[in-house]
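Student: Contents are compact mmCIF, C-alpha atoms; file name run08.txt:
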# COMPACT_ATOMS: atom_id res chain seq x y z
CA MET D 1 107.07 -13.06 91.36
CA SER D 2 109.60 -12.13 88.67
CA ALA D 3 112.10 -14.53 90.24
CA PHE D 4 109.34 -17.16 90.27
CA ALA D 5 109.14 -16.96 86.45
CA ASP D 6 112.88 -17.65 86.28
CA GLU D 7 112.37 -21.00 88.02
CA PHE D 8 111.06 -22.53 84.78
CA PHE D 9 113.76 -24.25 82.74
CA TRP D 10 113.52 -22.20 79.58
CA TYR D 11 114.79 -23.22 76.16
CA SER D 12 117.46 -20.92 74.76
CA PRO D 13 118.49 -21.31 71.11
CA CYS D 14 122.12 -21.42 70.03
CA PRO D 15 123.70 -17.95 70.44
CA ALA D 16 124.00 -15.85 67.31
CA GLY D 17 127.46 -15.63 65.73
CA GLY D 18 130.09 -18.30 65.34
CA GLU D 19 129.82 -21.65 63.63
CA LYS D 20 126.87 -23.76 64.72
CA ALA D 21 127.24 -27.38 65.73
CA ASP D 22 126.11 -30.06 63.29
CA ALA D 23 122.46 -31.12 63.14
CA ALA D 24 122.88 -34.14 65.43
CA GLU D 25 124.58 -32.08 68.15
CA ARG D 26 122.01 -29.30 67.88
CA TYR D 27 119.09 -31.73 68.15
CA GLN D 28 120.79 -33.49 71.06
CA ASP D 29 121.03 -30.13 72.84
CA ILE D 30 117.28 -29.65 72.34
CA THR D 31 116.38 -33.13 73.60
CA SER D 32 118.68 -32.66 76.61
CA TRP D 33 116.89 -29.40 77.43
CA ALA D 34 113.53 -31.18 77.11
CA ALA D 35 114.53 -33.97 79.51
CA LYS D 36 115.80 -31.48 82.10
CA ALA D 37 112.73 -29.28 81.74
CA ARG D 38 110.51 -32.30 82.35
CA GLY D 39 112.20 -32.72 85.72
CA ILE D 40 111.81 -29.05 86.73
CA ASN D 41 108.83 -27.33 85.11
CA PRO D 42 105.95 -29.42 86.56
CA GLN D 43 106.75 -28.27 90.10
CA VAL D 44 106.92 -24.64 88.97
CA PHE D 45 103.51 -24.92 87.31
CA ASP D 46 102.19 -26.24 90.62
CA LYS D 47 103.58 -23.10 92.33
CA LEU D 48 101.88 -21.02 89.65
CA SER D 49 98.53 -22.69 90.47
CA VAL D 50 98.98 -21.86 94.15
CA TRP D 51 99.98 -18.25 93.37
CA LEU D 52 96.96 -17.60 91.13
CA GLY D 53 94.73 -19.39 93.61
CA GLY D 54 95.50 -16.58 96.07
CA ALA D 55 94.40 -13.82 93.69
CA GLY D 56 91.27 -13.21 95.74
CA GLN D 57 93.48 -11.59 98.40
CA TRP D 58 95.42 -9.26 96.07
CA ASP D 59 94.93 -5.49 96.27
CA GLU D 60 94.73 -3.20 93.21
CA GLN D 61 98.46 -2.59 93.00
CA GLU D 62 99.18 -6.32 93.27
CA PHE D 63 96.68 -7.05 90.52
CA ARG D 64 98.38 -4.61 88.14
CA GLU D 65 101.90 -5.88 88.85
CA ASN D 66 100.91 -9.55 88.86
CA GLN D 67 99.03 -9.14 85.58
CA ARG D 68 102.22 -7.79 83.99
CA VAL D 69 104.29 -10.66 85.39
CA PHE D 70 101.80 -13.31 84.31
CA GLN D 71 101.27 -11.93 80.82
CA GLU D 72 104.83 -10.87 79.99
CA GLU D 73 107.17 -13.01 82.07
CA ILE D 74 105.23 -16.27 81.94
CA LEU D 75 102.81 -16.42 78.99
CA GLY D 76 104.87 -14.09 76.81
CA ARG D 77 108.10 -15.85 77.60
CA PHE D 78 106.63 -19.27 76.79
CA LEU D 79 105.32 -17.92 73.47
CA ALA D 80 108.78 -16.52 72.64
CA GLN D 81 110.39 -19.80 73.65
CA ASN D 82 108.04 -21.79 71.43
CA GLN D 83 108.77 -19.47 68.51
CA ALA D 84 112.53 -19.94 68.93
CA LEU D 85 112.17 -23.69 69.38
CA ARG D 86 109.94 -23.99 66.31
CA ALA D 87 112.45 -22.03 64.21
CA GLU D 88 115.35 -24.21 65.34
CA LEU D 89 113.41 -27.44 64.75
CA THR D 90 112.22 -26.27 61.32
CA GLU D 91 115.83 -25.60 60.35
CA LEU D 92 116.80 -29.09 61.55
CA GLN D 93 113.85 -30.87 59.92
CA PRO D 94 115.67 -31.81 56.66
CA SER D 95 118.12 -33.85 58.75
CA GLY D 96 115.37 -36.35 59.54
CA LEU D 97 116.18 -36.18 63.25
CA VAL D 98 113.14 -34.16 64.34
CA ASN D 99 110.14 -36.06 65.71
CA PRO D 100 107.28 -34.51 63.62
CA PRO D 101 104.57 -34.53 66.36
CA VAL D 102 106.50 -31.80 68.20
CA PHE D 103 105.08 -29.22 65.78
CA GLU D 104 101.50 -30.18 66.63
CA ALA D 105 102.37 -30.05 70.34
CA LEU D 106 103.85 -26.55 69.90
CA GLU D 107 100.74 -25.37 68.03
CA ARG D 108 98.47 -26.65 70.82
CA PHE D 109 100.65 -24.98 73.47
CA ASP D 110 100.59 -21.65 71.58
CA ASP D 111 96.80 -21.78 71.36
CA GLU D 112 96.46 -22.32 75.10
CA LEU D 113 99.00 -19.59 75.91
CA SER D 114 97.00 -17.18 73.72
CA GLY D 115 93.73 -17.96 75.51
CA ASN D 116 92.34 -20.08 72.67
CA THR D 117 91.79 -23.08 74.87
CA HIS D 118 90.84 -26.42 73.34
CA THR D 119 88.93 -27.35 76.50
CA ASP D 120 85.22 -26.58 76.17
CA TRP D 121 84.35 -26.44 79.87
CA LEU D 122 87.17 -23.94 80.57
CA ARG D 123 86.48 -21.59 77.67
CA GLU D 124 84.25 -19.16 79.58
CA ASP D 125 86.67 -18.81 82.50
CA VAL D 126 89.79 -18.48 80.34
CA SER D 127 88.12 -15.90 78.11
CA ALA D 128 87.01 -13.86 81.13
CA VAL D 129 90.52 -13.73 82.64
CA PHE D 130 92.24 -12.97 79.32
CA GLN D 131 89.82 -10.10 78.71
CA ASP D 132 90.09 -8.74 82.27
CA PHE D 133 92.71 -10.14 84.64
CA SER D 134 90.72 -8.92 87.64
CA ALA D 135 88.12 -11.60 86.77
CA LEU D 136 90.29 -13.76 89.05
CA ARG D 137 88.44 -12.12 91.96
CA ASP D 138 85.47 -14.31 91.00
CA LYS D 139 85.85 -17.63 92.83
CA LYS D 140 84.63 -19.78 89.92
CA HIS D 141 86.90 -18.09 87.37
CA ARG D 142 89.84 -18.25 89.78
CA GLU D 143 89.45 -21.94 90.63
CA ASN D 144 88.96 -23.05 87.04
CA PHE D 145 91.80 -20.85 85.81
CA ALA D 146 94.37 -21.68 88.50
CA GLY D 147 93.47 -25.33 88.95
CA SER D 148 95.34 -27.14 91.70
CA PRO D 149 98.83 -28.55 92.19
CA THR D 150 99.02 -32.15 90.97
CA GLY D 151 102.29 -33.28 92.51
CA PRO D 152 102.66 -35.57 95.52
CA THR D 153 100.83 -33.10 97.78
CA GLY D 154 98.10 -32.24 95.28
CA THR D 155 94.66 -33.74 94.93
CA ASN D 156 94.90 -34.73 91.26
CA THR D 157 91.17 -35.33 90.86
CA VAL D 158 89.33 -34.34 87.71
CA ASP D 159 87.45 -31.46 89.35
CA CYS D 160 90.64 -29.60 90.28
CA PHE D 161 92.07 -29.48 86.75
CA GLY D 162 92.19 -25.93 85.45
CA PHE D 163 93.82 -23.80 82.78
CA ILE D 164 97.25 -23.87 84.45
CA ASN D 165 97.09 -27.66 84.65
CA PHE D 166 96.49 -27.76 80.91
CA LEU D 167 99.41 -25.38 80.30
CA LYS D 168 101.50 -27.79 82.36
CA ASP D 169 100.34 -30.69 80.18
CA CYS D 170 101.08 -28.75 76.97
CA ASP D 171 104.59 -27.93 78.15
CA ALA D 172 105.12 -31.60 78.99
CA SER D 173 103.80 -32.69 75.59
CA VAL D 174 106.41 -30.59 73.80
CA GLN D 175 109.16 -32.08 75.94
CA TRP D 176 107.91 -35.67 75.62
CA THR D 177 107.81 -35.52 71.82
CA LEU D 178 111.44 -34.38 71.83
CA PHE D 179 113.23 -36.73 74.22
CA MET D 180 110.93 -39.75 74.55
CA PRO D 181 111.77 -41.64 71.30
CA GLU D 182 115.49 -41.88 72.13
CA PHE D 183 114.84 -42.41 75.83
CA THR D 184 112.44 -45.28 75.13
CA GLN D 185 115.05 -47.08 73.05
CA ARG D 186 117.58 -46.80 75.88
CA GLN D 187 115.06 -48.23 78.36
CA GLN D 188 114.83 -51.51 76.42
CA ASP D 189 117.80 -53.15 78.09
CA GLY D 190 117.71 -56.95 77.87
CA PHE D 191 114.29 -56.95 76.22
CA HIS D 192 112.60 -55.25 73.29
CA VAL D 193 109.20 -54.41 71.82
CA THR D 194 108.34 -56.85 69.04
CA SER D 195 105.06 -55.21 68.04
CA PHE D 196 103.11 -52.10 68.94
CA GLU D 197 99.69 -51.02 67.75
CA TYR D 198 96.68 -48.93 68.73
CA LYS D 199 93.34 -50.69 69.00
CA LYS D 200 89.92 -49.06 68.97
CA MET D 201 87.60 -51.86 70.02
CA PRO D 202 83.80 -51.98 70.21
CA ALA D 203 82.18 -52.08 73.65
CA LEU D 204 83.76 -54.64 75.98
CA ARG D 205 83.13 -56.07 79.42
CA PHE D 206 86.10 -57.07 81.51
CA ILE D 207 85.20 -59.86 83.93
CA GLY D 208 87.59 -60.77 86.71
CA VAL D 209 88.25 -61.30 90.39
CA ALA D 210 89.74 -58.66 92.65
CA ARG D 211 93.12 -59.56 94.11
CA ASP D 212 96.13 -57.68 95.36
CA PHE D 213 98.00 -57.56 92.06
CA SER D 214 101.28 -58.37 93.81
CA GLU D 215 99.90 -61.67 95.15
CA GLY D 216 98.83 -63.31 91.90
CA PRO D 217 95.43 -64.58 90.72
CA GLY D 218 94.79 -66.97 93.63
CA ASP D 219 92.96 -70.20 92.80
CA LEU D 220 94.09 -70.40 89.19
CA ALA D 221 92.16 -73.57 88.28
CA SER D 222 88.85 -72.14 89.52
CA LEU D 223 89.49 -68.78 87.83
CA GLU D 224 90.34 -70.36 84.48
CA SER D 225 87.34 -72.69 84.66
CA SER D 226 84.90 -69.82 85.30
CA LEU D 227 86.36 -67.76 82.46
CA ASP D 228 86.43 -70.70 80.03
CA ALA D 229 82.72 -71.25 80.74
CA LEU D 230 82.06 -67.87 79.12
CA SER D 231 83.66 -68.88 75.80
CA GLN D 232 80.52 -67.98 73.81
CA PHE D 233 81.03 -64.35 74.90
CA ARG D 234 84.55 -63.97 73.51
CA CYS D 235 85.39 -60.55 72.13
CA GLY D 236 88.39 -61.27 69.89
CA PHE D 237 91.00 -60.21 72.45
CA ASP D 238 90.87 -63.37 74.52
CA TYR D 239 94.02 -63.46 76.63
CA ASP D 240 94.33 -63.67 80.39
CA VAL D 241 94.69 -60.14 81.72
CA LEU D 242 95.51 -58.30 84.95
CA PHE D 243 93.39 -55.14 84.70
CA LEU D 244 94.64 -52.18 86.79
CA HIS D 245 92.82 -48.91 87.49
CA HIS D 246 92.27 -46.14 90.05
CA TRP D 247 88.49 -45.59 89.70
CA GLY D 248 89.07 -42.53 87.48
CA ARG D 249 91.14 -40.67 90.08
CA GLY D 250 94.79 -39.67 90.32
CA VAL D 251 97.36 -42.32 91.15
CA ASP D 252 98.47 -40.34 94.21
CA VAL D 253 95.03 -40.27 95.81
CA GLU D 254 93.41 -43.61 94.88
CA HIS D 255 94.93 -47.03 95.54
CA CYS D 256 95.52 -49.14 92.42
CA ARG D 257 92.98 -51.95 92.07
CA GLY D 258 93.92 -55.22 90.36
CA PHE D 259 91.48 -57.63 88.71
CA TRP D 260 92.49 -60.97 87.15
CA GLY D 261 90.30 -61.96 84.25
CA ARG D 262 89.52 -61.48 80.55
CA PHE D 263 87.79 -59.10 78.18
CA MET D 264 84.41 -60.36 76.99
CA ALA D 265 81.48 -59.19 74.87
CA PRO D 266 79.48 -56.38 76.52
CA ASP D 267 76.52 -58.61 77.40
CA ALA D 268 78.58 -61.34 79.09
CA PRO D 269 77.04 -62.54 82.36
CA VAL D 270 79.03 -62.03 85.55
CA PRO D 271 79.74 -65.19 87.58
CA GLU D 272 79.19 -65.06 91.33
CA GLY D 273 82.19 -63.57 93.10
CA PHE D 274 83.44 -61.83 89.94
CA THR D 275 83.50 -58.11 89.08
CA ALA D 276 82.49 -56.53 85.75
CA ILE D 277 84.18 -53.40 84.41
CA ASP D 278 82.60 -52.00 81.24
CA LEU D 279 84.48 -50.26 78.43
CA VAL D 280 82.91 -48.25 75.60
CA PRO D 281 84.22 -46.65 72.39
CA GLN D 282 83.26 -43.06 73.26
CA ASN D 283 84.10 -40.92 76.30
CA ASP D 284 81.06 -40.12 78.45
CA GLN D 285 83.06 -37.30 80.14
CA GLN D 286 82.53 -38.82 83.60
CA PRO D 287 85.41 -40.09 85.74
CA GLY D 288 85.72 -43.84 86.12
CA ALA D 289 83.89 -46.69 84.40
CA PRO D 290 82.77 -47.13 81.76
CA TYR D 291 86.35 -46.78 80.57
CA LEU D 292 87.40 -46.39 76.95
CA SER D 293 87.85 -49.49 74.80
CA GLN D 294 90.78 -47.76 73.09
CA PHE D 295 94.31 -48.78 73.99
CA ALA D 296 97.92 -49.22 72.94
CA TYR D 297 99.00 -52.86 72.69
CA ALA D 298 102.72 -53.59 73.14
CA VAL D 299 104.22 -57.09 72.89
CA PHE D 300 107.66 -57.76 74.40
CA ALA D 301 110.39 -60.39 74.03
CA GLY D 302 113.63 -61.04 75.88
CA ASP D 303 114.57 -61.28 79.55
CA LYS D 304 111.28 -61.55 81.46
CA GLU D 305 112.83 -60.43 84.74
CA LYS D 306 114.06 -57.23 83.09
CA MET D 307 110.62 -56.64 81.52
CA HIS D 308 109.20 -56.57 85.05
CA GLN D 309 112.04 -54.69 86.68
CA ARG D 310 110.79 -51.89 88.95
CA GLU D 311 114.00 -50.17 90.04
CA GLY D 312 114.56 -47.04 87.97
CA PHE D 313 111.02 -47.08 86.54
CA ASP D 314 107.80 -45.30 87.52
CA SER D 315 105.97 -48.64 87.67
CA ASP D 316 107.88 -51.37 85.89
CA ALA D 317 109.76 -51.62 82.60
CA MET D 318 106.82 -52.80 80.45
CA TYR D 319 104.54 -50.08 81.83
CA ASP D 320 107.12 -47.31 81.34
CA VAL D 321 108.17 -48.32 77.84
CA THR D 322 104.55 -48.68 76.63
CA ARG D 323 103.59 -45.29 78.09
CA ASN D 324 106.69 -43.59 76.71
CA ILE D 325 106.11 -44.91 73.18
CA ILE D 326 102.63 -43.33 73.40
CA LEU D 327 104.02 -40.00 74.61
CA GLY D 328 106.57 -39.74 71.79
CA PRO D 329 103.94 -39.04 69.07
CA ASN D 330 101.79 -37.08 71.57
CA ILE D 331 98.91 -39.57 71.65
CA ALA D 332 96.38 -38.65 74.35
CA ILE D 333 96.31 -40.70 77.54
CA PRO D 334 92.92 -40.04 79.22
CA TYR D 335 94.39 -39.44 82.68
CA PRO D 336 92.98 -39.48 85.27
CA ASP D 337 89.30 -39.86 84.42
CA LYS D 338 89.51 -42.82 81.99
CA TYR D 339 92.98 -44.13 82.76
CA TRP D 340 93.60 -47.88 83.02
CA THR D 341 96.39 -50.29 82.15
CA ALA D 342 96.66 -54.07 81.90
CA GLU D 343 99.29 -56.78 81.87
CA VAL D 344 98.57 -59.42 79.24
CA PHE D 345 99.51 -63.07 79.79
CA LEU D 346 99.86 -64.32 76.22
CA GLU D 347 100.60 -67.86 77.46
CA GLY D 348 98.07 -67.85 80.31
CA PHE D 349 98.25 -66.83 83.95
CA GLU D 350 100.64 -69.69 84.77
CA ASN D 351 103.38 -67.85 82.83
CA PRO D 352 104.74 -64.30 83.22
CA SER D 353 103.02 -61.50 81.32
CA THR D 354 104.79 -60.43 78.11
CA ALA D 355 102.44 -57.77 76.72
CA TYR D 356 100.92 -54.55 77.98
CA LEU D 357 97.81 -52.48 77.35
CA PHE D 358 97.63 -48.75 78.07
CA SER D 359 94.48 -46.66 77.75
CA VAL D 360 94.51 -43.95 75.09
CA GLU D 361 91.97 -41.68 73.44
CA LEU D 362 92.47 -41.74 69.68
Could I get this structure in the form of structure tokens?
Tutor:
Amino acid sequence: MSAFADEFFWYSPCPAGGEKADAAERYQDITSWAAKARGINPQVFDKLSVWLGGAGQWDEQEFRENQRVFQEEILGRFLAQNQALRAELTELQPSGLVNPPVFEALERFDDELSGNTHTDWLREDVSAVFQDFSALRDKKHRENFAGSPTGPTGTNTVDCFGFINFLKDCDASVQWTLFMPEFTQRQQDGFHVTSFEYKKMPALRFIGVARDFSEGPGDLASLESSLDALSQFRCGFDYDVLFLHHWGRGVDVEHCRGFWGRFMAPDAPVPEGFTAIDLVPQNDQQPGAPYLSQFAYAVFAGDKEKMHQREGFDSDAMYDVTRNIILGPNIAIPYPDKYWTAEVFLEGFENPSTAYLFSVEL
């Protein structure tokens, strides 16, 4: 297990002695570490979930040794890393290069690593294991503490998220705040973001027709006519929209569903053959609809083909850039339980989409 801990890509500050590089070079070293760690650490956290999930089979000697490894070589090492990273970033802060939200992300990570979890429903299980590591023998404590792997072979449903999954998210948040701002600028090749804002809307009802999102809206004249007939139920955000969601489940376990339509007032009637998806201002803590009526709104200009380019992106360029702008300041994306996105057709469905919505929790 000791070698397991070494699989994480740890941050190491500049060695003592000798003349340090200038601020720009030092910060570039940190952001390069963050980008590399983002490509390595998630898989190691998944291994950690599997390892702790097997604690019910450990004997007394294994419990003692594994407690030492977990507390000293994993939790302790992350705490030491965060301390060194915070010191280096604090020293660099007068340069103006440091993205300020990284300090909040580090504070959240330190709290979780110390057992002071911010997650109400995990507090009892985390407290039990931090007070007595052998509490992992209890199935409930073990499952909620270890969680489950969330990579391509994981389940990625809400119920499997545990303490280790939240550590994984905290580690990622630190890295995102460091490398995302520069990375997002580089991604805007041939197009650019002309405006970006966060909207916290009142309750909404999205009304649309289900279609394979790769095939287009179908009978456009009929669709537009049905939506125009609901003009008295306008909500103030009245563009044609392709709404995409996974029914509150992980993207690797639930097929993406596409609906072509518009946002309306919450009491808008639903025409025959259409689907309604409700959105509300506050999280009801249940996976799936009603989703949150809180979102980032990015408007793009430039080469439309490049905006929709998929090669080299997780989804397409507009999706990736919008998401990555959100991750830079460590804004919460309510994944997977309230996660949705939408392409916005500012000039109507007959023209390519040039704006994007991404669910957030402000």
Student: In Å, with one decimal, what is the gap from atom CA of D:Asp132 to atom CA of D:Gln81?
Tutor: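 About the pair atom CA of D:Asp132 and atom CA of D:Gln81: they are 24.7 Å apart.
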Student: With all atoms listed in the file as the atoms that count, which of D:Phe206, D:Tyr297, D:Phe166, D:Tyr291 lies nearest to D:Pro269?
Tutor: D:Phe206
Student: Using all atoms listed in the file, find the one residue out of D:Ala298, D:Arg64, D:Phe243, D:Ser231 that sits nearest to D:Ala276.
Tutor: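 Going through D:Ala298, D:Arg64, D:Phe243, D:Ser231 one by one, the smallest distance to D:Ala276 is for D:Phe243.
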Student: D:Ala355, D:Met180, D:Ala80, D:Val129: which is nearest D:Pro329, counting all atoms listed in the file?
Tutor: D:Met180
Student: Between D:Glu65, D:Glu72, D:Glu311, D:Glu91, which one has atoms that come closest to D:Pro13, using only C-alpha atoms?
Tutor: D:Glu91
Student: Could you pull the residues within 7 Å of D:Glu361, counting all atoms listed in the file, minus those fewer than 3 positions along the same chain, as a PyMOL selection string?
Tutor: chain D and resi 294+332-334
